[in-house]
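J.: Dropping in query-v2.cif, with mmCIF, N, CA and C atoms.
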```
data_protein
#
loop_
_atom_site.group_PDB
_atom_site.id
_atom_site.type_symbol
_atom_site.label_atom_id
_atom_site.label_comp_id
_atom_site.auth_asym_id
_atom_site.auth_seq_id
_atom_site.Cartn_x
_atom_site.Cartn_y
_atom_site.Cartn_z
ATOM 1 N N MET E 13 19.526 -51.871 4.566
ATOM 2 C CA MET E 13 18.334 -52.651 4.260
ATOM 3 C C MET E 13 18.495 -53.410 2.948
ATOM 4 N N THR E 14 19.475 -53.005 2.154
ATOM 5 C CA THR E 14 19.667 -53.670 0.864
ATOM 6 C C THR E 14 20.284 -55.051 1.036
ATOM 7 N N ILE E 15 21.152 -55.203 2.040
ATOM 8 C CA ILE E 15 21.866 -56.476 2.213
ATOM 9 C C ILE E 15 20.906 -57.639 2.461
ATOM 10 N N PRO E 16 19.920 -57.527 3.370
ATOM 11 C CA PRO E 16 19.026 -58.675 3.551
ATOM 12 C C PRO E 16 18.195 -58.974 2.318
ATOM 13 N N LEU E 17 17.817 -57.949 1.561
ATOM 14 C CA LEU E 17 17.032 -58.190 0.357
ATOM 15 C C LEU E 17 17.841 -58.955 -0.679
ATOM 16 N N VAL E 18 19.095 -58.564 -0.875
ATOM 17 C CA VAL E 18 19.953 -59.252 -1.837
ATOM 18 C C VAL E 18 20.231 -60.674 -1.381
ATOM 19 N N THR E 19 20.546 -60.855 -0.105
ATOM 20 C CA THR E 19 20.862 -62.189 0.385
ATOM 21 C C THR E 19 19.616 -63.076 0.395
ATOM 22 N N THR E 20 18.439 -62.490 0.621
ATOM 23 C CA THR E 20 17.208 -63.273 0.543
ATOM 24 C C THR E 20 16.959 -63.723 -0.890
ATOM 25 N N ALA E 21 17.231 -62.849 -1.850
ATOM 26 C CA ALA E 21 17.085 -63.239 -3.253
ATOM 27 C C ALA E 21 18.065 -64.349 -3.608
ATOM 28 N N ILE E 22 19.287 -64.274 -3.080
ATOM 29 C CA ILE E 22 20.274 -65.331 -3.324
ATOM 30 C C ILE E 22 19.814 -66.639 -2.691
ATOM 31 N N ALA E 23 19.293 -66.560 -1.463
ATOM 32 C CA ALA E 23 18.809 -67.764 -0.784
ATOM 33 C C ALA E 23 17.636 -68.383 -1.534
ATOM 34 N N ALA E 24 16.747 -67.542 -2.059
ATOM 35 C CA ALA E 24 15.619 -68.067 -2.828
ATOM 36 C C ALA E 24 16.109 -68.738 -4.114
ATOM 37 N N GLY E 25 17.126 -68.156 -4.739
ATOM 38 C CA GLY E 25 17.699 -68.774 -5.938
ATOM 39 C C GLY E 25 18.349 -70.106 -5.634
ATOM 40 N N ILE E 26 19.046 -70.178 -4.494
ATOM 41 C CA ILE E 26 19.688 -71.441 -4.104
ATOM 42 C C ILE E 26 18.636 -72.508 -3.835
ATOM 43 N N SER E 27 17.552 -72.143 -3.136
ATOM 44 C CA SER E 27 16.527 -73.141 -2.839
ATOM 45 C C SER E 27 15.800 -73.575 -4.109
ATOM 46 N N ALA E 28 15.623 -72.655 -5.065
ATOM 47 C CA ALA E 28 15.024 -73.043 -6.349
ATOM 48 C C ALA E 28 15.950 -73.995 -7.106
ATOM 49 N N LEU E 29 17.249 -73.728 -7.049
ATOM 50 C CA LEU E 29 18.216 -74.628 -7.686
ATOM 51 C C LEU E 29 18.198 -76.002 -7.034
ATOM 52 N N LEU E 30 18.096 -76.036 -5.699
ATOM 53 C CA LEU E 30 17.994 -77.322 -4.993
ATOM 54 C C LEU E 30 16.744 -78.075 -5.418
ATOM 55 N N LEU E 31 15.633 -77.361 -5.580
ATOM 56 C CA LEU E 31 14.398 -78.008 -6.006
ATOM 57 C C LEU E 31 14.550 -78.603 -7.407
ATOM 58 N N ILE E 32 15.193 -77.871 -8.312
ATOM 59 C CA ILE E 32 15.418 -78.387 -9.667
ATOM 60 C C ILE E 32 16.299 -79.627 -9.619
ATOM 61 N N ILE E 33 17.340 -79.605 -8.787
ATOM 62 C CA ILE E 33 18.229 -80.767 -8.663
ATOM 63 C C ILE E 33 17.456 -81.964 -8.124
ATOM 64 N N PHE E 34 16.612 -81.733 -7.102
ATOM 65 C CA PHE E 34 15.844 -82.839 -6.530
ATOM 66 C C PHE E 34 14.864 -83.419 -7.537
ATOM 67 N N ILE E 35 14.264 -82.545 -8.368
ATOM 68 C CA ILE E 35 13.311 -83.040 -9.366
ATOM 69 C C ILE E 35 14.043 -83.849 -10.438
ATOM 70 N N CYS E 36 15.223 -83.406 -10.833
ATOM 71 C CA CYS E 36 15.954 -84.077 -11.898
ATOM 72 C C CYS E 36 16.689 -85.338 -11.424
ATOM 73 N N MET E 37 16.837 -85.496 -10.110
ATOM 74 C CA MET E 37 17.526 -86.675 -9.606
ATOM 75 C C MET E 37 16.711 -87.930 -9.897
ATOM 76 N N PRO E 38 17.379 -89.054 -10.196
ATOM 77 C CA PRO E 38 16.627 -90.296 -10.350
ATOM 78 C C PRO E 38 16.020 -90.716 -9.020
ATOM 79 N N HIS E 39 14.757 -91.029 -9.034
ATOM 80 C CA HIS E 39 14.066 -91.380 -7.800
ATOM 81 C C HIS E 39 13.049 -92.475 -8.105
ATOM 82 N N PRO E 40 12.734 -93.300 -7.123
ATOM 83 C CA PRO E 40 11.719 -94.338 -7.338
ATOM 84 C C PRO E 40 10.345 -93.718 -7.553
ATOM 85 N N HIS E 41 9.509 -94.405 -8.276
ATOM 86 C CA HIS E 41 8.207 -93.848 -8.647
ATOM 87 C C HIS E 41 7.262 -93.759 -7.462
ATOM 88 N N ASP E 42 7.516 -94.513 -6.398
ATOM 89 C CA ASP E 42 6.617 -94.458 -5.252
ATOM 90 C C ASP E 42 6.966 -93.335 -4.281
ATOM 91 N N GLU E 43 8.014 -92.582 -4.581
ATOM 92 C CA GLU E 43 8.384 -91.468 -3.699
ATOM 93 C C GLU E 43 7.383 -90.324 -3.877
ATOM 94 N N PRO E 44 6.835 -89.817 -2.796
ATOM 95 C CA PRO E 44 5.840 -88.742 -2.938
ATOM 96 C C PRO E 44 6.491 -87.436 -3.399
ATOM 97 N N TRP E 45 5.883 -86.817 -4.420
ATOM 98 C CA TRP E 45 6.413 -85.549 -4.925
ATOM 99 C C TRP E 45 6.238 -84.437 -3.908
ATOM 100 N N GLY E 46 5.182 -84.550 -3.079
ATOM 101 C CA GLY E 46 4.936 -83.491 -2.111
ATOM 102 C C GLY E 46 6.090 -83.302 -1.144
ATOM 103 N N PHE E 47 6.810 -84.400 -0.846
ATOM 104 C CA PHE E 47 7.943 -84.298 0.078
ATOM 105 C C PHE E 47 8.999 -83.350 -0.467
ATOM 106 N N LEU E 48 9.245 -83.411 -1.767
ATOM 107 C CA LEU E 48 10.278 -82.556 -2.364
ATOM 108 C C LEU E 48 9.895 -81.079 -2.243
ATOM 109 N N PHE E 49 8.639 -80.775 -2.498
ATOM 110 C CA PHE E 49 8.209 -79.384 -2.419
ATOM 111 C C PHE E 49 8.187 -78.895 -0.976
ATOM 112 N N ILE E 50 7.753 -79.765 -0.052
ATOM 113 C CA ILE E 50 7.760 -79.385 1.364
ATOM 114 C C ILE E 50 9.196 -79.161 1.836
ATOM 115 N N PHE E 51 10.110 -80.069 1.435
ATOM 116 C CA PHE E 51 11.511 -79.915 1.812
ATOM 117 C C PHE E 51 12.087 -78.632 1.245
ATOM 118 N N SER E 52 11.752 -78.324 -0.005
ATOM 119 C CA SER E 52 12.252 -77.099 -0.623
ATOM 120 C C SER E 52 11.718 -75.863 0.089
ATOM 121 N N ALA E 53 10.449 -75.904 0.471
ATOM 122 C CA ALA E 53 9.865 -74.757 1.176
ATOM 123 C C ALA E 53 10.540 -74.551 2.521
ATOM 124 N N PHE E 54 10.760 -75.657 3.256
ATOM 125 C CA PHE E 54 11.443 -75.538 4.543
ATOM 126 C C PHE E 54 12.884 -75.068 4.365
ATOM 127 N N ALA E 55 13.563 -75.588 3.340
ATOM 128 C CA ALA E 55 14.945 -75.166 3.087
ATOM 129 C C ALA E 55 14.992 -73.683 2.765
ATOM 130 N N SER E 56 14.045 -73.211 1.971
ATOM 131 C CA SER E 56 13.999 -71.784 1.637
ATOM 132 C C SER E 56 13.721 -70.937 2.878
ATOM 133 N N ALA E 57 12.772 -71.387 3.698
ATOM 134 C CA ALA E 57 12.430 -70.624 4.902
ATOM 135 C C ALA E 57 13.597 -70.570 5.883
ATOM 136 N N PHE E 58 14.232 -71.717 6.115
ATOM 137 C CA PHE E 58 15.355 -71.742 7.058
ATOM 138 C C PHE E 58 16.539 -70.943 6.524
ATOM 139 N N THR E 59 16.796 -71.037 5.220
ATOM 140 C CA THR E 59 17.909 -70.284 4.632
ATOM 141 C C THR E 59 17.658 -68.788 4.746
ATOM 142 N N THR E 60 16.428 -68.382 4.428
ATOM 143 C CA THR E 60 16.089 -66.957 4.524
ATOM 144 C C THR E 60 16.180 -66.468 5.968
ATOM 145 N N ALA E 61 15.669 -67.268 6.913
ATOM 146 C CA ALA E 61 15.738 -66.878 8.321
ATOM 147 C C ALA E 61 17.186 -66.793 8.788
ATOM 148 N N ALA E 62 18.027 -67.730 8.338
ATOM 149 C CA ALA E 62 19.438 -67.700 8.732
ATOM 150 C C ALA E 62 20.131 -66.470 8.166
ATOM 151 N N VAL E 63 19.793 -66.122 6.932
ATOM 152 C CA VAL E 63 20.398 -64.930 6.320
ATOM 153 C C VAL E 63 19.995 -63.670 7.085
ATOM 154 N N TRP E 64 18.700 -63.533 7.385
ATOM 155 C CA TRP E 64 18.236 -62.362 8.124
ATOM 156 C C TRP E 64 18.834 -62.311 9.523
ATOM 157 N N LEU E 65 18.902 -63.454 10.191
ATOM 158 C CA LEU E 65 19.470 -63.488 11.532
ATOM 159 C C LEU E 65 20.957 -63.125 11.495
ATOM 160 N N GLY E 66 21.665 -63.660 10.512
ATOM 161 C CA GLY E 66 23.075 -63.331 10.361
ATOM 162 C C GLY E 66 23.288 -61.853 10.101
ATOM 163 N N TRP E 67 22.436 -61.256 9.256
ATOM 164 C CA TRP E 67 22.564 -59.831 8.981
ATOM 165 C C TRP E 67 22.249 -59.014 10.223
ATOM 166 N N LEU E 68 21.244 -59.450 11.001
ATOM 167 C CA LEU E 68 20.875 -58.726 12.217
ATOM 168 C C LEU E 68 22.022 -58.755 13.229
ATOM 169 N N ILE E 69 22.614 -59.925 13.428
ATOM 170 C CA ILE E 69 23.736 -60.047 14.358
ATOM 171 C C ILE E 69 24.926 -59.215 13.872
ATOM 172 N N TYR E 70 25.168 -59.266 12.555
ATOM 173 C CA TYR E 70 26.270 -58.485 11.991
ATOM 174 C C TYR E 70 26.036 -56.989 12.191
ATOM 175 N N SER E 71 24.802 -56.532 11.978
ATOM 176 C CA SER E 71 24.536 -55.098 12.103
ATOM 177 C C SER E 71 24.566 -54.649 13.569
ATOM 178 N N LEU E 72 24.283 -55.564 14.491
ATOM 179 C CA LEU E 72 24.329 -55.185 15.902
ATOM 180 C C LEU E 72 25.759 -55.060 16.418
ATOM 181 N N PHE E 73 26.641 -55.946 15.966
ATOM 182 C CA PHE E 73 27.992 -55.992 16.525
ATOM 183 C C PHE E 73 29.058 -55.384 15.625
ATOM 184 N N ALA E 74 28.696 -54.975 14.431
ATOM 185 C CA ALA E 74 29.704 -54.405 13.527
ATOM 186 C C ALA E 74 29.917 -52.924 13.817
#
```
The structure given in the file should be rewritten as structure tokens.

T.:
Amino acid sequence: MTIPLVTTAIAAGISALLLIIFICMPHPHDEPWGFLFIFSAFASAFTTAAVWLGWLIYSLFA
């Protein structure tokens, strides 16, 4: 049970780093800020789901 928790924490850190990179990137002023946060939330959710799914498949077949 420790592996998914650690990998979820890593995935959350990666998505937070992506959000910081997106905020610091030069962007036009008319770009909506909400898109960046929505994209970051989806990236975090998909990354976390992929990590959990990968761990589940690994634990079933290992």

J.: Grab the atom CA of E:Ile22 to atom CA of E:Ala53 distance for me, in Å with one decimal place.

T.: 14.7 Å

J.: Written as a PyMOL selection string, what is the full residue list that the PyMOL selection byres (((chain E and resi 57-64 and name CA) around 8) and name CA) yields on the file shown?

T.: chain E and resi 16+19-20+23-24+53-56+65-68

J.: I need the chosen residues saved as a PDB file, keeping the file's coordinate frame, with N, CA and C atoms.

T.:
```
ATOM      1  N   PRO E  16      19.920 -57.527   3.370  1.00  0.00           N
ATOM      2  CA  PRO E  16      19.026 -58.675   3.551  1.00  0.00           C
ATOM      3  C   PRO E  16      18.195 -58.974   2.318  1.00  0.00           C
ATOM      4  N   THR E  19      20.546 -60.855  -0.105  1.00  0.00           N
ATOM      5  CA  THR E  19      20.862 -62.189   0.385  1.00  0.00           C
ATOM      6  C   THR E  19      19.616 -63.076   0.395  1.00  0.00           C
ATOM      7  N   THR E  20      18.439 -62.490   0.621  1.00  0.00           N
ATOM      8  CA  THR E  20      17.208 -63.273   0.543  1.00  0.00           C
ATOM      9  C   THR E  20      16.959 -63.723  -0.890  1.00  0.00           C
ATOM     10  N   ALA E  23      19.293 -66.560  -1.463  1.00  0.00           N
ATOM     11  CA  ALA E  23      18.809 -67.764  -0.784  1.00  0.00           C
ATOM     12  C   ALA E  23      17.636 -68.383  -1.534  1.00  0.00           C
ATOM     13  N   ALA E  24      16.747 -67.542  -2.059  1.00  0.00           N
ATOM     14  CA  ALA E  24      15.619 -68.067  -2.828  1.00  0.00           C
ATOM     15  C   ALA E  24      16.109 -68.738  -4.114  1.00  0.00           C
ATOM     16  N   ALA E  53      10.449 -75.904   0.471  1.00  0.00           N
ATOM     17  CA  ALA E  53       9.865 -74.757   1.176  1.00  0.00           C
ATOM     18  C   ALA E  53      10.540 -74.551   2.521  1.00  0.00           C
ATOM     19  N   PHE E  54      10.760 -75.657   3.256  1.00  0.00           N
ATOM     20  CA  PHE E  54      11.443 -75.538   4.543  1.00  0.00           C
ATOM     21  C   PHE E  54      12.884 -75.068   4.365  1.00  0.00           C
ATOM     22  N   ALA E  55      13.563 -75.588   3.340  1.00  0.00           N
ATOM     23  CA  ALA E  55      14.945 -75.166   3.087  1.00  0.00           C
ATOM     24  C   ALA E  55      14.992 -73.683   2.765  1.00  0.00           C
ATOM     25  N   SER E  56      14.045 -73.211   1.971  1.00  0.00           N
ATOM     26  CA  SER E  56      13.999 -71.784   1.637  1.00  0.00           C
ATOM     27  C   SER E  56      13.721 -70.937   2.878  1.00  0.00           C
ATOM     28  N   LEU E  65      18.902 -63.454  10.191  1.00  0.00           N
ATOM     29  CA  LEU E  65      19.470 -63.488  11.532  1.00  0.00           C
ATOM     30  C   LEU E  65      20.957 -63.125  11.495  1.00  0.00           C
ATOM     31  N   GLY E  66      21.665 -63.660  10.512  1.00  0.00           N
ATOM     32  CA  GLY E  66      23.075 -63.331  10.361  1.00  0.00           C
ATOM     33  C   GLY E  66      23.288 -61.853  10.101  1.00  0.00           C
ATOM     34  N   TRP E  67      22.436 -61.256   9.256  1.00  0.00           N
ATOM     35  CA  TRP E  67      22.564 -59.831   8.981  1.00  0.00           C
ATOM     36  C   TRP E  67      22.249 -59.014  10.223  1.00  0.00           C
ATOM     37  N   LEU E  68      21.244 -59.450  11.001  1.00  0.00           N
ATOM     38  CA  LEU E  68      20.875 -58.726  12.217  1.00  0.00           C
ATOM     39  C   LEU E  68      22.022 -58.755  13.229  1.00  0.00           C
TER      40      LEU E  68
END
```

J.: What does the distance from atom CA of E:Ser52 to atom C of E:Met37 come to in Å, to one decimal?

T.: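 Going from atom CA of E:Ser52 over to atom C of E:Met37, I get 14.9 Å.
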
J.: Run the PyMOL selection byres (((chain E and resi 34 and name CA) around 12) and name CA) mentally over the shown coordinates, then write out the matched residues as a list in words, using the chain letters and numbers from the document.

T.: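 Applying the expression gives Ser27, Ala28, Leu29, Leu30, Leu31, Ile32, Ile33, Ile35, Cys36, Met37, Pro38, His39, Glu43, Trp45, Gly46, Phe47, Leu48, Phe49, Ile50, Phe51 and Ser52 of chain E.
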
J.: Pull N, CA and C atoms from the residues just selected and write them as a PDB file, in the frame of the given file.

T.:
```pdb
ATOM      1  N   SER E  27      17.552 -72.143  -3.136  1.00  0.00           N
ATOM      2  CA  SER E  27      16.527 -73.141  -2.839  1.00  0.00           C
ATOM      3  C   SER E  27      15.800 -73.575  -4.109  1.00  0.00           C
ATOM      4  N   ALA E  28      15.623 -72.655  -5.065  1.00  0.00           N
ATOM      5  CA  ALA E  28      15.024 -73.043  -6.349  1.00  0.00           C
ATOM      6  C   ALA E  28      15.950 -73.995  -7.106  1.00  0.00           C
ATOM      7  N   LEU E  29      17.249 -73.728  -7.049  1.00  0.00           N
ATOM      8  CA  LEU E  29      18.216 -74.628  -7.686  1.00  0.00           C
ATOM      9  C   LEU E  29      18.198 -76.002  -7.034  1.00  0.00           C
ATOM     10  N   LEU E  30      18.096 -76.036  -5.699  1.00  0.00           N
ATOM     11  CA  LEU E  30      17.994 -77.322  -4.993  1.00  0.00           C
ATOM     12  C   LEU E  30      16.744 -78.075  -5.418  1.00  0.00           C
ATOM     13  N   LEU E  31      15.633 -77.361  -5.580  1.00  0.00           N
ATOM     14  CA  LEU E  31      14.398 -78.008  -6.006  1.00  0.00           C
ATOM     15  C   LEU E  31      14.550 -78.603  -7.407  1.00  0.00           C
ATOM     16  N   ILE E  32      15.193 -77.871  -8.312  1.00  0.00           N
ATOM     17  CA  ILE E  32      15.418 -78.387  -9.667  1.00  0.00           C
ATOM     18  C   ILE E  32      16.299 -79.627  -9.619  1.00  0.00           C
ATOM     19  N   ILE E  33      17.340 -79.605  -8.787  1.00  0.00           N
ATOM     20  CA  ILE E  33      18.229 -80.767  -8.663  1.00  0.00           C
ATOM     21  C   ILE E  33      17.456 -81.964  -8.124  1.00  0.00           C
ATOM     22  N   ILE E  35      14.264 -82.545  -8.368  1.00  0.00           N
ATOM     23  CA  ILE E  35      13.311 -83.040  -9.366  1.00  0.00           C
ATOM     24  C   ILE E  35      14.043 -83.849 -10.438  1.00  0.00           C
ATOM     25  N   CYS E  36      15.223 -83.406 -10.833  1.00  0.00           N
ATOM     26  CA  CYS E  36      15.954 -84.077 -11.898  1.00  0.00           C
ATOM     27  C   CYS E  36      16.689 -85.338 -11.424  1.00  0.00           C
ATOM     28  N   MET E  37      16.837 -85.496 -10.110  1.00  0.00           N
ATOM     29  CA  MET E  37      17.526 -86.675  -9.606  1.00  0.00           C
ATOM     30  C   MET E  37      16.711 -87.930  -9.897  1.00  0.00           C
ATOM     31  N   PRO E  38      17.379 -89.054 -10.196  1.00  0.00           N
ATOM     32  CA  PRO E  38      16.627 -90.296 -10.350  1.00  0.00           C
ATOM     33  C   PRO E  38      16.020 -90.716  -9.020  1.00  0.00           C
ATOM     34  N   HIS E  39      14.757 -91.029  -9.034  1.00  0.00           N
ATOM     35  CA  HIS E  39      14.066 -91.380  -7.800  1.00  0.00           C
ATOM     36  C   HIS E  39      13.049 -92.475  -8.105  1.00  0.00           C
ATOM     37  N   GLU E  43       8.014 -92.582  -4.581  1.00  0.00           N
ATOM     38  CA  GLU E  43       8.384 -91.468  -3.699  1.00  0.00           C
ATOM     39  C   GLU E  43       7.383 -90.324  -3.877  1.00  0.00           C
ATOM     40  N   TRP E  45       5.883 -86.817  -4.420  1.00  0.00           N
ATOM     41  CA  TRP E  45       6.413 -85.549  -4.925  1.00  0.00           C
ATOM     42  C   TRP E  45       6.238 -84.437  -3.908  1.00  0.00           C
ATOM     43  N   GLY E  46       5.182 -84.550  -3.079  1.00  0.00           N
ATOM     44  CA  GLY E  46       4.936 -83.491  -2.111  1.00  0.00           C
ATOM     45  C   GLY E  46       6.090 -83.302  -1.144  1.00  0.00           C
ATOM     46  N   PHE E  47       6.810 -84.400  -0.846  1.00  0.00           N
ATOM     47  CA  PHE E  47       7.943 -84.298   0.078  1.00  0.00           C
ATOM     48  C   PHE E  47       8.999 -83.350  -0.467  1.00  0.00           C
ATOM     49  N   LEU E  48       9.245 -83.411  -1.767  1.00  0.00           N
ATOM     50  CA  LEU E  48      10.278 -82.556  -2.364  1.00  0.00           C
ATOM     51  C   LEU E  48       9.895 -81.079  -2.243  1.00  0.00           C
ATOM     52  N   PHE E  49       8.639 -80.775  -2.498  1.00  0.00           N
ATOM     53  CA  PHE E  49       8.209 -79.384  -2.419  1.00  0.00           C
ATOM     54  C   PHE E  49       8.187 -78.895  -0.976  1.00  0.00           C
ATOM     55  N   ILE E  50       7.753 -79.765  -0.052  1.00  0.00           N
ATOM     56  CA  ILE E  50       7.760 -79.385   1.364  1.00  0.00           C
ATOM     57  C   ILE E  50       9.196 -79.161   1.836  1.00  0.00           C
ATOM     58  N   PHE E  51      10.110 -80.069   1.435  1.00  0.00           N
ATOM     59  CA  PHE E  51      11.511 -79.915   1.812  1.00  0.00           C
ATOM     60  C   PHE E  51      12.087 -78.632   1.245  1.00  0.00           C
ATOM     61  N   SER E  52      11.752 -78.324  -0.005  1.00  0.00           N
ATOM     62  CA  SER E  52      12.252 -77.099  -0.623  1.00  0.00           C
ATOM     63  C   SER E  52      11.718 -75.863   0.089  1.00  0.00           C
TER      64      SER E  52
END
```

J.: Hey, can you check how far atom C of E:Leu17 sits from atom C of E:Tyr70?

T.: 15.4 Å
